[in-house]
>>> print(open('my_file_9.cif').read())   # mmCIF, C-alpha atoms
data_coords
#
loop_
_atom_site.group_PDB
_atom_site.id
_atom_site.type_symbol
_atom_site.label_atom_id
_atom_site.label_comp_id
_atom_site.auth_asym_id
_atom_site.auth_seq_id
_atom_site.Cartn_x
_atom_site.Cartn_y
_atom_site.Cartn_z
ATOM 1 C CA MET A 1 -46.059 -71.990 121.110
ATOM 2 C CA PHE A 2 -49.455 -72.140 119.424
ATOM 3 C CA CYS A 3 -52.657 -72.145 121.475
ATOM 4 C CA ALA A 4 -56.374 -71.886 120.815
ATOM 5 C CA ILE A 5 -58.554 -69.954 123.249
ATOM 6 C CA TYR A 6 -62.185 -70.745 124.025
ATOM 7 C CA ARG A 7 -64.728 -69.126 126.297
ATOM 8 C CA GLY A 8 -67.312 -71.051 128.224
ATOM 9 C CA ARG A 9 -71.017 -70.582 127.552
ATOM 10 C CA ARG A 10 -71.889 -71.128 131.224
ATOM 11 C CA ARG A 11 -69.216 -68.998 132.876
ATOM 12 C CA SER A 12 -68.616 -65.462 131.702
ATOM 13 C CA ASP A 13 -65.010 -64.291 131.587
ATOM 14 C CA THR A 14 -63.713 -67.857 131.898
ATOM 15 C CA TYR A 15 -61.337 -68.935 129.141
ATOM 16 C CA LEU A 16 -59.822 -72.278 128.219
ATOM 17 C CA TYR A 17 -56.448 -72.422 126.455
ATOM 18 C CA VAL A 18 -55.532 -75.630 124.600
ATOM 19 C CA PRO A 19 -52.466 -76.392 122.462
ATOM 20 C CA VAL A 20 -54.434 -77.792 119.492
ATOM 21 C CA GLU A 21 -57.553 -76.117 118.122
ATOM 22 C CA GLY A 22 -60.607 -78.297 118.676
ATOM 23 C CA ASP A 23 -58.764 -80.932 120.732
ATOM 24 C CA PHE A 24 -60.195 -81.147 124.257
ATOM 25 C CA SER A 25 -58.880 -84.640 125.006
ATOM 26 C CA SER A 26 -56.483 -83.366 127.692
ATOM 27 C CA VAL A 27 -59.119 -81.181 129.398
ATOM 28 C CA PRO A 28 -60.675 -82.820 132.474
ATOM 29 C CA ARG A 29 -64.368 -83.619 131.999
ATOM 30 C CA GLU A 30 -65.230 -81.605 135.100
ATOM 31 C CA ILE A 31 -63.783 -78.453 133.540
ATOM 32 C CA LEU A 32 -65.644 -78.956 130.269
ATOM 33 C CA ALA A 33 -68.881 -79.591 132.177
ATOM 34 C CA ALA A 34 -68.423 -76.420 134.237
ATOM 35 C CA LEU A 35 -67.678 -74.310 131.156
ATOM 36 C CA GLY A 36 -70.415 -75.687 128.947
ATOM 37 C CA GLU A 37 -69.916 -75.864 125.196
ATOM 38 C CA PRO A 38 -66.600 -74.149 124.355
ATOM 39 C CA VAL A 39 -66.830 -71.242 121.909
ATOM 40 C CA HIS A 40 -63.660 -70.509 119.904
ATOM 41 C CA VAL A 41 -62.422 -66.971 120.511
ATOM 42 C CA MET A 42 -58.999 -66.826 118.870
ATOM 43 C CA ASN A 43 -55.663 -68.475 118.220
ATOM 44 C CA LEU A 44 -52.408 -67.082 119.583
ATOM 45 C CA THR A 45 -48.728 -67.744 119.322
ATOM 46 C CA LEU A 46 -47.325 -67.528 122.829
ATOM 47 C CA THR A 47 -43.782 -66.500 123.663
ATOM 48 C CA PRO A 48 -42.347 -66.039 127.165
ATOM 49 C CA ASP A 49 -42.395 -62.259 126.782
ATOM 50 C CA ARG A 50 -45.869 -61.981 125.229
ATOM 51 C CA ARG A 51 -48.224 -59.774 127.227
ATOM 52 C CA LEU A 52 -51.638 -61.212 127.985
ATOM 53 C CA ALA A 53 -54.512 -59.317 129.587
ATOM 54 C CA ARG A 54 -54.984 -61.440 132.715
ATOM 55 C CA ALA A 55 -52.449 -64.252 132.585
ATOM 56 C CA ASP A 56 -48.714 -64.694 132.543
ATOM 57 C CA ALA A 57 -47.608 -66.171 129.204
ATOM 58 C CA ARG A 58 -44.921 -68.304 130.863
ATOM 59 C CA THR A 59 -47.480 -69.810 133.234
ATOM 60 C CA VAL A 60 -49.868 -70.528 130.369
ATOM 61 C CA MET A 61 -47.102 -72.161 128.347
ATOM 62 C CA ARG A 62 -45.975 -74.258 131.320
ATOM 63 C CA MET A 63 -49.546 -75.465 131.969
ATOM 64 C CA LEU A 64 -50.127 -76.291 128.305
ATOM 65 C CA LEU A 65 -46.970 -78.413 128.269
ATOM 66 C CA SER A 66 -47.532 -80.133 131.618
ATOM 67 C CA ARG A 67 -51.338 -80.480 131.791
ATOM 68 C CA GLY A 68 -52.517 -79.911 128.249
ATOM 69 C CA CYS A 69 -54.742 -76.943 129.114
ATOM 70 C CA TYR A 70 -54.947 -73.709 131.047
ATOM 71 C CA VAL A 71 -58.125 -72.218 132.541
ATOM 72 C CA GLN A 72 -58.278 -68.453 133.031
ATOM 73 C CA LEU A 73 -60.881 -67.632 135.673
ATOM 74 C CA PRO A 74 -62.552 -64.275 136.274
ATOM 75 C CA PRO A 75 -60.690 -62.113 138.828
ATOM 76 C CA GLN A 76 -63.136 -62.781 141.700
ATOM 77 C CA ASP A 77 -62.815 -66.576 141.173
ATOM 78 C CA GLU A 78 -59.011 -66.376 140.937
ATOM 79 C CA GLU A 79 -58.891 -64.820 144.409
ATOM 80 C CA ARG A 80 -60.809 -67.782 145.866
ATOM 81 C CA PHE A 81 -58.274 -70.283 144.535
ATOM 82 C CA VAL A 82 -55.071 -68.489 145.586
#
>>> encode(input="my_file_9.cif", output="structure tokens")
Amino acid sequence: MFCAIYRGRRRSDTYLYVPVEGDFSSVPREILAALGEPVHVMNLTLTPDRRLARADARTVMRMLLSRGCYVQLPPQDEERFV
């Protein structure tokens, strides 16, 4: 599965994964507002067994299919939302 990864200008270490490069139509406005202007970092092809630094590839793939985006928060923020 293809995905494009963006970082937020307002939040360091926060990344937005979307299934189509440059298409933010499925990303809630609140998320885009919190991130600020998205800056393209890279494109990836995800597979269930692909290793990612701070996310589970299967979870990312599931979120891209069901919600159209995945937000990777910094570790301290992730703990607040668990």
>>> residues_around(input="my_file_9.cif", residues="stretch 7-18 of chain A", least_positions_apart="3", cutoff="8 Å", atoms="only C-alpha atoms", output="count of residues only")
22
>>> atom_distance(input="my_file_9.cif", atom1="atom CA of A:Thr59", atom2="atom CA of A:Ile5")
14.9 Å
>>> resolve_selection(input="my_file_9.cif", expression="the PyMOL selection byres ((chain A and resi 57) around 12)", output="PyMOL selection string")
chain A and resi 1-3+17+44-56+58-64+70+72
>>> atom_distance(input="my_file_9.cif", atom1="atom CA of A:Met42", atom2="atom CA of A:Ser25")
18.8 Å
>>> axis_aligned_box(input="my_file_9.cif", around="stretch 24-33 of chain A", padding_each_side="8 Å", output="AutoDock Vina command-line options")
--center_x -62.7 --center_y -81.5 --center_z 129.7 --size_x 28.4 --size_y 22.2 --size_z 26.8
>>> build_atoms(input="my_file_9.cif", residues="stretch 26-55 of chain A", atoms="N, CA and C atoms", output="CSV table (one decimal), keeping the file's coordinate frame")
chain,number,residue,atom,x,y,z
A,26,SER,N,-57.3,-83.5,126.5
A,26,SER,CA,-56.5,-83.4,127.7
A,26,SER,C,-57.2,-82.5,128.8
A,27,VAL,N,-58.4,-82.0,128.5
A,27,VAL,CA,-59.1,-81.2,129.4
A,27,VAL,C,-60.0,-82.1,130.3
A,28,PRO,N,-59.9,-82.0,131.6
A,28,PRO,CA,-60.7,-82.8,132.5
A,28,PRO,C,-62.2,-82.6,132.2
A,29,ARG,N,-62.9,-83.7,132.3
A,29,ARG,CA,-64.4,-83.6,132.0
A,29,ARG,C,-65.1,-82.6,132.9
A,30,GLU,N,-64.6,-82.5,134.1
A,30,GLU,CA,-65.2,-81.6,135.1
A,30,GLU,C,-65.1,-80.2,134.6
A,31,ILE,N,-64.0,-79.8,134.0
A,31,ILE,CA,-63.8,-78.5,133.5
A,31,ILE,C,-64.7,-78.2,132.4
A,32,LEU,N,-64.8,-79.1,131.4
A,32,LEU,CA,-65.6,-79.0,130.3
A,32,LEU,C,-67.1,-78.9,130.7
A,33,ALA,N,-67.5,-79.6,131.7
A,33,ALA,CA,-68.9,-79.6,132.2
A,33,ALA,C,-69.2,-78.2,132.8
A,34,ALA,N,-68.2,-77.7,133.6
A,34,ALA,CA,-68.4,-76.4,134.2
A,34,ALA,C,-68.5,-75.3,133.2
A,35,LEU,N,-67.7,-75.4,132.2
A,35,LEU,CA,-67.7,-74.3,131.2
A,35,LEU,C,-68.9,-74.4,130.2
A,36,GLY,N,-69.4,-75.5,130.0
A,36,GLY,CA,-70.4,-75.7,128.9
A,36,GLY,C,-69.7,-75.8,127.6
A,37,GLU,N,-70.5,-75.7,126.5
A,37,GLU,CA,-69.9,-75.9,125.2
A,37,GLU,C,-68.9,-74.8,125.0
A,38,PRO,N,-67.6,-75.2,124.6
A,38,PRO,CA,-66.6,-74.1,124.4
A,38,PRO,C,-66.9,-73.4,123.0
A,39,VAL,N,-66.7,-72.1,123.1
A,39,VAL,CA,-66.8,-71.2,121.9
A,39,VAL,C,-65.5,-70.7,121.6
A,40,HIS,N,-65.0,-71.0,120.3
A,40,HIS,CA,-63.7,-70.5,119.9
A,40,HIS,C,-63.6,-69.0,119.8
A,41,VAL,N,-62.6,-68.4,120.5
A,41,VAL,CA,-62.4,-67.0,120.5
A,41,VAL,C,-61.3,-66.5,119.6
A,42,MET,N,-60.1,-67.2,119.7
A,42,MET,CA,-59.0,-66.8,118.9
A,42,MET,C,-57.9,-67.8,119.0
A,43,ASN,N,-56.9,-67.7,118.1
A,43,ASN,CA,-55.7,-68.5,118.2
A,43,ASN,C,-54.6,-67.5,118.5
A,44,LEU,N,-53.6,-67.9,119.3
A,44,LEU,CA,-52.4,-67.1,119.6
A,44,LEU,C,-51.1,-67.9,119.5
A,45,THR,N,-50.1,-67.2,119.2
A,45,THR,CA,-48.7,-67.7,119.3
A,45,THR,C,-48.1,-67.1,120.6
A,46,LEU,N,-47.9,-68.0,121.6
A,46,LEU,CA,-47.3,-67.5,122.8
A,46,LEU,C,-45.8,-67.6,122.8
A,47,THR,N,-45.2,-66.6,123.4
A,47,THR,CA,-43.8,-66.5,123.7
A,47,THR,C,-43.6,-66.1,125.1
A,48,PRO,N,-42.5,-66.4,125.8
A,48,PRO,CA,-42.3,-66.0,127.2
A,48,PRO,C,-42.6,-64.6,127.5
A,49,ASP,N,-42.3,-63.7,126.5
A,49,ASP,CA,-42.4,-62.3,126.8
A,49,ASP,C,-43.7,-61.7,126.2
A,50,ARG,N,-44.6,-62.5,125.7
A,50,ARG,CA,-45.9,-62.0,125.2
A,50,ARG,C,-46.7,-61.5,126.4
A,51,ARG,N,-47.3,-60.3,126.2
A,51,ARG,CA,-48.2,-59.8,127.2
A,51,ARG,C,-49.6,-60.3,127.0
A,52,LEU,N,-50.2,-60.8,128.0
A,52,LEU,CA,-51.6,-61.2,128.0
A,52,LEU,C,-52.4,-60.4,129.0
A,53,ALA,N,-53.7,-60.2,128.8
A,53,ALA,CA,-54.5,-59.3,129.6
A,53,ALA,C,-54.6,-59.7,131.1
A,54,ARG,N,-54.8,-61.0,131.3
A,54,ARG,CA,-55.0,-61.4,132.7
A,54,ARG,C,-54.2,-62.7,133.0
A,55,ALA,N,-53.2,-63.0,132.3
A,55,ALA,CA,-52.4,-64.3,132.6
A,55,ALA,C,-51.0,-64.0,132.2
